[in-house]
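Student: Dumping the structure here so I can ask a few things about it.
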Amino acid sequence: MNTGGVEISLAVAHGDFRLQAELNLPGRGVTAIAGPSGCGKTTLLRGIAGLDRHAGHLRVNGEIWQDDARGIFLPVHKRALGYVFQEASLLPHLDVRANIEYGWKRAASGATRPDPKRMLRLLGIDHLLGRRPADLSGGERQRVAIARALLAAPRMLLMDEPLAALDQARKQEVLPYLERLHEELALPILYVSHSPDEIARLADHLVLMEQGRVAGSGPITEMSARLDLPQAQAEAGVIVDAVVEDWDADYQLATLRVGANAIRVPHPRLSVGQRLRLRILARDVILALDRRDDTSALNHVPVRVLEEAPAGGSAHVMVRLDAQGMPLLARVTRISRDRLGVAPGVGMWAQFKATAVFA
């Protein structure tokens with residue numbers, strides 16, 4: 001029997017609120033948990049951590065943390081996990097070194113400890129060890145909180161909107177360090193966020209929640225192209241993996257290969273062969289019956305219409321497209337759909353000017 005991955009079965013009944021979650025998640029990488037406020041994201045994380053006890057079953061890469069049928073429930077202090085909250089919650093009377101050592105001392109006996117020097121370098125805080133929390137920026141405090149959690153040698157890392165309390169500049173400061181952790185750590189990370197950009201940049205797997213239930217769960221590249229999920233229509237768009245094929249220094253323009261498609265995006269510098277991720281918003285995709293090169297759009301790809309769904313309100317529809325194996329979504333008005341004859345099976349051209357690039 002394959003015991004890898006994270007198996008979650010959790011049932012919550014608290015007043016009028018009900019949550020039922022049945023999930024099988026990857027045993028490493030970042031799983032983003034998204035959904036509107038009040039849908040149960042934090043309740044799910046607290047149940048996984050053992051901070052609140054609910055009916056269910058939980059197995060983390062072969063280790064059972066809860067199994068009601070067998071009377072097993074590990075209390076939170078016996079679960080090898082790290083938990084990073086919105087606020088860093090550092091001990092104010094201790095300097096950074098002592099705060100981090102607090103996490104180091106929490107590691108279970110016999111646990112494989114991470115190299116602290118490497119972890120501090122990875123998070124860019126090795127020069128802050130003598131400072132107190134009050135002397136750190138918000139981004140620095142959050143990086144110290146992440147280091148403290150990781151030095152406890154967790155088998156799972158839970159992150160509950162870790163960047164929500166930061167301004168945009170501090171978020172951009174922390175995100176590259178989270179990307180490094182994503183690449184370096186061989187453990188499951190459950191990451192709650194309301195930010196589509198954070199999710200697109202960090203997540204491998206996506207869980208969408210709605211009113212206490214799991215509306216969908218799967219690889220993020222597949223989930224982003226589905227029309228049957230409660231995604232925010234204004235932010236709907238696909239997420240695709242790409243490889244840098246060329247970079248034009250004169251125009252500061254990169255050519256990226258996504259399957260059979262060469263996509264051009266402005267970027268100050270990228271290396272040939274570099275792997276990265278693109279987010280193409282549905283609102284930025286324009287449909288046409290023929291290829292048009294007399295526009296400012298950089299990208300023109302042949303597409304086949306797969307299906308459509310309502311797009312919020314009565315004026316627009318969301319159209320799912322296949323661009324030579326690459327998924328695309330387009331948000332178009334109903335009058336444009338009818339005028340162009342957009343229907344399943346119809347061949348068209350899609351054009352878009354730019355994408356969000358997460359290198």
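By order of appearance in the structure tokens: chains A, B, ..., then residues from 1 within every chain, and ligands from 1 in the order shown.
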Excluding same-chain residues fewer than 3 positions from stretch 310-319 of chain A, what lies within 7 Å of it counting only C-alpha atoms, as a PDB file with N, CA, C and O atoms, in the first residue's frame?

Tutor:
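Result saved to selection-v2.pdb:
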ATOM      1  N   GLN A 233     -14.253  35.717 -10.934  1.00  0.00           N
ATOM      2  CA  GLN A 233     -14.259  35.901 -12.380  1.00  0.00           C
ATOM      3  C   GLN A 233     -13.287  36.979 -12.835  1.00  0.00           C
ATOM      4  O   GLN A 233     -12.663  36.862 -13.879  1.00  0.00           O
ATOM      5  N   GLU A 307     -15.521  24.845 -24.437  1.00  0.00           N
ATOM      6  CA  GLU A 307     -16.792  25.011 -23.737  1.00  0.00           C
ATOM      7  C   GLU A 307     -16.898  26.433 -23.229  1.00  0.00           C
ATOM      8  O   GLU A 307     -15.928  27.206 -23.263  1.00  0.00           O
ATOM      9  N   LEU A 329      -8.180  30.640 -21.126  1.00  0.00           N
ATOM     10  CA  LEU A 329      -9.532  31.118 -20.851  1.00  0.00           C
ATOM     11  C   LEU A 329      -9.680  32.500 -21.455  1.00  0.00           C
ATOM     12  O   LEU A 329      -8.725  33.290 -21.466  1.00  0.00           O
ATOM     13  N   ALA A 330     -10.866  32.793 -21.956  1.00  0.00           N
ATOM     14  CA  ALA A 330     -11.154  34.129 -22.486  1.00  0.00           C
ATOM     15  C   ALA A 330     -12.494  34.591 -21.931  1.00  0.00           C
ATOM     16  O   ALA A 330     -13.467  33.832 -21.942  1.00  0.00           O
ATOM     17  N   ARG A 331     -12.513  35.818 -21.420  1.00  0.00           N
ATOM     18  CA  ARG A 331     -13.758  36.410 -20.915  1.00  0.00           C
ATOM     19  C   ARG A 331     -14.268  37.373 -21.982  1.00  0.00           C
ATOM     20  O   ARG A 331     -13.638  38.387 -22.267  1.00  0.00           O
ATOM     21  N   VAL A 332     -15.394  37.023 -22.617  1.00  0.00           N
ATOM     22  CA  VAL A 332     -15.910  37.821 -23.725  1.00  0.00           C
ATOM     23  C   VAL A 332     -17.376  38.158 -23.476  1.00  0.00           C
ATOM     24  O   VAL A 332     -18.069  37.471 -22.714  1.00  0.00           O
ATOM     25  N   THR A 333     -17.837  39.202 -24.121  1.00  0.00           N
ATOM     26  CA  THR A 333     -19.247  39.557 -24.007  1.00  0.00           C
ATOM     27  C   THR A 333     -20.095  38.564 -24.792  1.00  0.00           C
ATOM     28  O   THR A 333     -19.623  37.933 -25.754  1.00  0.00           O
ATOM     29  N   ARG A 334     -21.335  38.440 -24.401  1.00  0.00           N
ATOM     30  CA  ARG A 334     -22.232  37.525 -25.110  1.00  0.00           C
ATOM     31  C   ARG A 334     -22.459  37.983 -26.542  1.00  0.00           C
ATOM     32  O   ARG A 334     -22.599  37.163 -27.454  1.00  0.00           O
TER      33      ARG A 334
END

Student: Any chance you could list, as a list in words, the residues in stretch 125-190 of chain A that come up strand (DSSP E or B) when DSSP is run on the backbone?

Tutor: Met156, Leu157, Leu158, Met159, Asp160, Pro188, Ile189 and Leu190 of chain A

Student: Restricting the calculation to only C-alpha atoms, which member of A:Ala309, A:Leu253, A:Val76, A:Leu185 is positioned closest to A:Pro114?

Tutor: A:Leu185

Student: Counting only C-alpha atoms, figure out which residue out of A:Ala288, A:Met326, A:Ala354, A:Ile72 gets nearest to A:Gly50.

Tutor: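 Of the candidates, the smallest distance to A:Gly50 is held by A:Ile72.
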
Student: As a ChimeraX atom specification, which residues of stretch 77-215 of chain A does DSSP assign to alpha helix (DSSP H)?

Tutor: /A:96-105,116-122,138-150,168-184,196-202

Student: Would you save the residues from that selection as a short mmCIF file (atom, residue, chain, number, x, y, z; two decimals), in the first residue's frame, using N, CA and C atoms?

Tutor:
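Okay, again35.cif is ready:
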data_model
loop_
_atom_site.label_atom_id
_atom_site.label_comp_id
_atom_site.auth_asym_id
_atom_site.auth_seq_id
_atom_site.Cartn_x
_atom_site.Cartn_y
_atom_site.Cartn_z
N VAL A 96 16.91 37.50 17.62
CA VAL A 96 16.58 36.57 16.55
C VAL A 96 17.20 35.20 16.81
N ARG A 97 18.46 35.19 17.26
CA ARG A 97 19.13 33.92 17.52
C ARG A 97 18.34 33.09 18.53
N ALA A 98 17.92 33.71 19.63
CA ALA A 98 17.21 32.99 20.68
C ALA A 98 15.82 32.55 20.21
N ASN A 99 15.15 33.38 19.39
CA ASN A 99 13.85 32.97 18.84
C ASN A 99 14.00 31.74 17.96
N ILE A 100 15.04 31.71 17.17
CA ILE A 100 15.26 30.57 16.29
C ILE A 100 15.64 29.32 17.09
N GLU A 101 16.46 29.51 18.13
CA GLU A 101 16.84 28.38 18.97
C GLU A 101 15.63 27.77 19.66
N TYR A 102 14.60 28.59 19.91
CA TYR A 102 13.36 28.08 20.50
C TYR A 102 12.75 27.02 19.58
N GLY A 103 12.77 27.27 18.27
CA GLY A 103 12.28 26.29 17.31
C GLY A 103 13.19 25.07 17.26
N TRP A 104 14.49 25.28 17.29
CA TRP A 104 15.46 24.19 17.24
C TRP A 104 15.25 23.21 18.39
N LYS A 105 14.95 23.74 19.58
CA LYS A 105 14.77 22.89 20.76
C LYS A 105 13.48 22.08 20.69
N PRO A 116 21.16 24.63 10.36
CA PRO A 116 20.70 25.98 10.68
C PRO A 116 21.38 27.08 9.87
N LYS A 117 22.68 26.94 9.62
CA LYS A 117 23.39 27.97 8.85
C LYS A 117 22.83 28.06 7.44
N ARG A 118 22.59 26.90 6.85
CA ARG A 118 22.04 26.88 5.49
C ARG A 118 20.64 27.47 5.47
N MET A 119 19.82 27.14 6.49
CA MET A 119 18.46 27.65 6.55
C MET A 119 18.45 29.16 6.70
N LEU A 120 19.36 29.69 7.53
CA LEU A 120 19.43 31.14 7.73
C LEU A 120 19.85 31.84 6.44
N ARG A 121 20.79 31.22 5.71
CA ARG A 121 21.20 31.81 4.43
C ARG A 121 20.07 31.73 3.42
N LEU A 122 19.37 30.61 3.41
CA LEU A 122 18.27 30.41 2.47
C LEU A 122 17.19 31.48 2.65
N GLY A 138 8.66 44.15 8.91
CA GLY A 138 7.64 43.11 8.91
C GLY A 138 8.07 41.89 8.12
N GLY A 139 8.72 42.11 6.97
CA GLY A 139 9.18 41.00 6.16
C GLY A 139 10.27 40.21 6.85
N GLU A 140 11.17 40.89 7.55
CA GLU A 140 12.23 40.20 8.28
C GLU A 140 11.66 39.38 9.42
N ARG A 141 10.68 39.94 10.13
CA ARG A 141 10.07 39.18 11.24
C ARG A 141 9.40 37.91 10.72
N GLN A 142 8.75 38.02 9.58
CA GLN A 142 8.06 36.83 9.06
C GLN A 142 9.06 35.78 8.60
N ARG A 143 10.19 36.20 8.05
CA ARG A 143 11.21 35.24 7.66
C ARG A 143 11.82 34.55 8.87
N VAL A 144 11.97 35.29 9.97
CA VAL A 144 12.46 34.68 11.20
C VAL A 144 11.44 33.66 11.72
N ALA A 145 10.15 33.99 11.63
CA ALA A 145 9.11 33.05 12.08
C ALA A 145 9.14 31.77 11.24
N ILE A 146 9.38 31.91 9.94
CA ILE A 146 9.45 30.73 9.07
C ILE A 146 10.67 29.88 9.44
N ALA A 147 11.81 30.54 9.69
CA ALA A 147 13.01 29.80 10.08
C ALA A 147 12.77 29.06 11.40
N ARG A 148 12.14 29.71 12.35
CA ARG A 148 11.86 29.08 13.64
C ARG A 148 11.00 27.82 13.44
N ALA A 149 10.01 27.92 12.57
CA ALA A 149 9.14 26.77 12.31
C ALA A 149 9.90 25.64 11.64
N LEU A 150 10.78 25.96 10.69
CA LEU A 150 11.48 24.94 9.94
C LEU A 150 12.58 24.27 10.75
N GLN A 168 2.68 45.73 0.22
CA GLN A 168 3.10 45.13 -1.04
C GLN A 168 4.62 45.03 -1.15
N ALA A 169 5.33 46.06 -0.69
CA ALA A 169 6.79 46.03 -0.79
C ALA A 169 7.38 44.90 0.05
N ARG A 170 6.84 44.71 1.25
CA ARG A 170 7.35 43.64 2.13
C ARG A 170 6.98 42.26 1.56
N LYS A 171 5.79 42.16 0.94
CA LYS A 171 5.41 40.89 0.31
C LYS A 171 6.41 40.52 -0.78
N GLN A 172 6.77 41.49 -1.61
CA GLN A 172 7.72 41.22 -2.68
C GLN A 172 9.10 40.90 -2.14
N GLU A 173 9.38 41.35 -0.91
CA GLU A 173 10.64 41.01 -0.26
C GLU A 173 10.65 39.55 0.18
N VAL A 174 9.53 39.05 0.68
CA VAL A 174 9.47 37.70 1.25
C VAL A 174 9.26 36.63 0.18
N LEU A 175 8.50 36.93 -0.87
CA LEU A 175 8.13 35.91 -1.86
C LEU A 175 9.32 35.17 -2.47
N PRO A 176 10.42 35.84 -2.83
CA PRO A 176 11.55 35.07 -3.38
C PRO A 176 12.10 34.04 -2.41
N TYR A 177 12.05 34.33 -1.11
CA TYR A 177 12.53 33.37 -0.13
C TYR A 177 11.58 32.18 -0.03
N LEU A 178 10.27 32.44 -0.15
CA LEU A 178 9.31 31.33 -0.14
C LEU A 178 9.51 30.44 -1.37
N GLU A 179 9.85 31.06 -2.50
CA GLU A 179 10.12 30.27 -3.70
C GLU A 179 11.33 29.38 -3.50
N ARG A 180 12.35 29.88 -2.82
CA ARG A 180 13.53 29.05 -2.54
C ARG A 180 13.15 27.86 -1.67
N LEU A 181 12.34 28.11 -0.66
CA LEU A 181 11.90 27.02 0.21
C LEU A 181 11.13 25.98 -0.59
N HIS A 182 10.29 26.45 -1.48
CA HIS A 182 9.51 25.56 -2.34
C HIS A 182 10.42 24.60 -3.10
N GLU A 183 11.53 25.14 -3.61
CA GLU A 183 12.45 24.34 -4.40
C GLU A 183 13.30 23.41 -3.53
N GLU A 184 13.59 23.84 -2.30
CA GLU A 184 14.58 23.14 -1.47
C GLU A 184 13.98 22.09 -0.54
N PRO A 196 -4.32 35.65 -5.61
CA PRO A 196 -4.10 34.83 -6.81
C PRO A 196 -2.65 34.84 -7.26
N ASP A 197 -1.95 35.98 -7.09
CA ASP A 197 -0.56 36.04 -7.51
C ASP A 197 0.33 35.15 -6.65
N GLU A 198 0.12 35.16 -5.33
CA GLU A 198 0.90 34.29 -4.45
C GLU A 198 0.68 32.82 -4.82
N ILE A 199 -0.58 32.48 -5.05
CA ILE A 199 -0.91 31.09 -5.37
C ILE A 199 -0.27 30.69 -6.70
N ALA A 200 -0.39 31.56 -7.71
CA ALA A 200 0.18 31.25 -9.02
C ALA A 200 1.69 31.11 -8.94
N ARG A 201 2.30 31.88 -8.08
CA ARG A 201 3.76 31.91 -7.99
C ARG A 201 4.32 30.72 -7.22
N LEU A 202 3.59 30.25 -6.19
CA LEU A 202 4.16 29.28 -5.27
C LEU A 202 3.58 27.87 -5.39
#

Student: Point out the residue among A:Leu151, A:Met159, A:Ala107, A:Ala343 with the least atom-to-atom distance to A:Phe85, counting only C-alpha atoms.

Tutor: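 Of A:Leu151, A:Met159, A:Ala107, A:Ala343, the one nearest A:Phe85, counting only C-alpha atoms, is A:Met159.
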
Student: Using only C-alpha atoms, which of the listed residues (A:Leu187, A:Ala165, A:Ala356, A:Ala134) sits closest to A:His93?

Tutor: A:Ala134

Student: Give me the residues of stretch 12-40 of chain A that have any atom at most 12 Å from an atom of stretch 51-70 of chain A; for each, the nearest atom pair and the distance in Å, rounded to one decimal. Use only C-alpha atoms, sort by chain and number, and format it as CSV.

Tutor:
residue,atom,partner,partner_atom,distance
A:Val12,CA,A:His54,CA,5.7
A:Ala13,CA,A:His54,CA,8.2
A:His14,CA,A:His54,CA,9.7
A:Arg18,CA,A:His54,CA,11.2
A:Leu19,CA,A:His54,CA,10.0
A:Gln20,CA,A:Gly56,CA,9.5
A:Ala21,CA,A:Gly56,CA,9.2
A:Glu22,CA,A:Gly56,CA,9.4
A:Leu23,CA,A:Leu58,CA,9.7
A:Asn24,CA,A:Arg59,CA,9.7
A:Leu25,CA,A:Val60,CA,9.5
A:Pro26,CA,A:Asn61,CA,9.0
A:Gly27,CA,A:Asn61,CA,5.9
A:Arg28,CA,A:Asn61,CA,9.0

Student: Return the single residue from A:Ala215, A:Val357, A:Thr43, A:Gly237 that is closest to A:Thr255, with distances computed using only C-alpha atoms.

Tutor: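 That would be A:Val357, the residue with the smallest distance to A:Thr255.
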
Student: Just the residues within 10 Å of A:Leu321, please, counting only C-alpha atoms, with nothing from its chain fewer than 3 positions along; format it as an MDAnalysis selection string.

Tutor: chainID A and resid 225 302:308 318 324:330 344:348 350

Student: Counting only C-alpha atoms, which residue out of A:Ile8, A:Leu256, A:Ala88, A:Val240 sits closest to A:Arg279?

Tutor: A:Val240
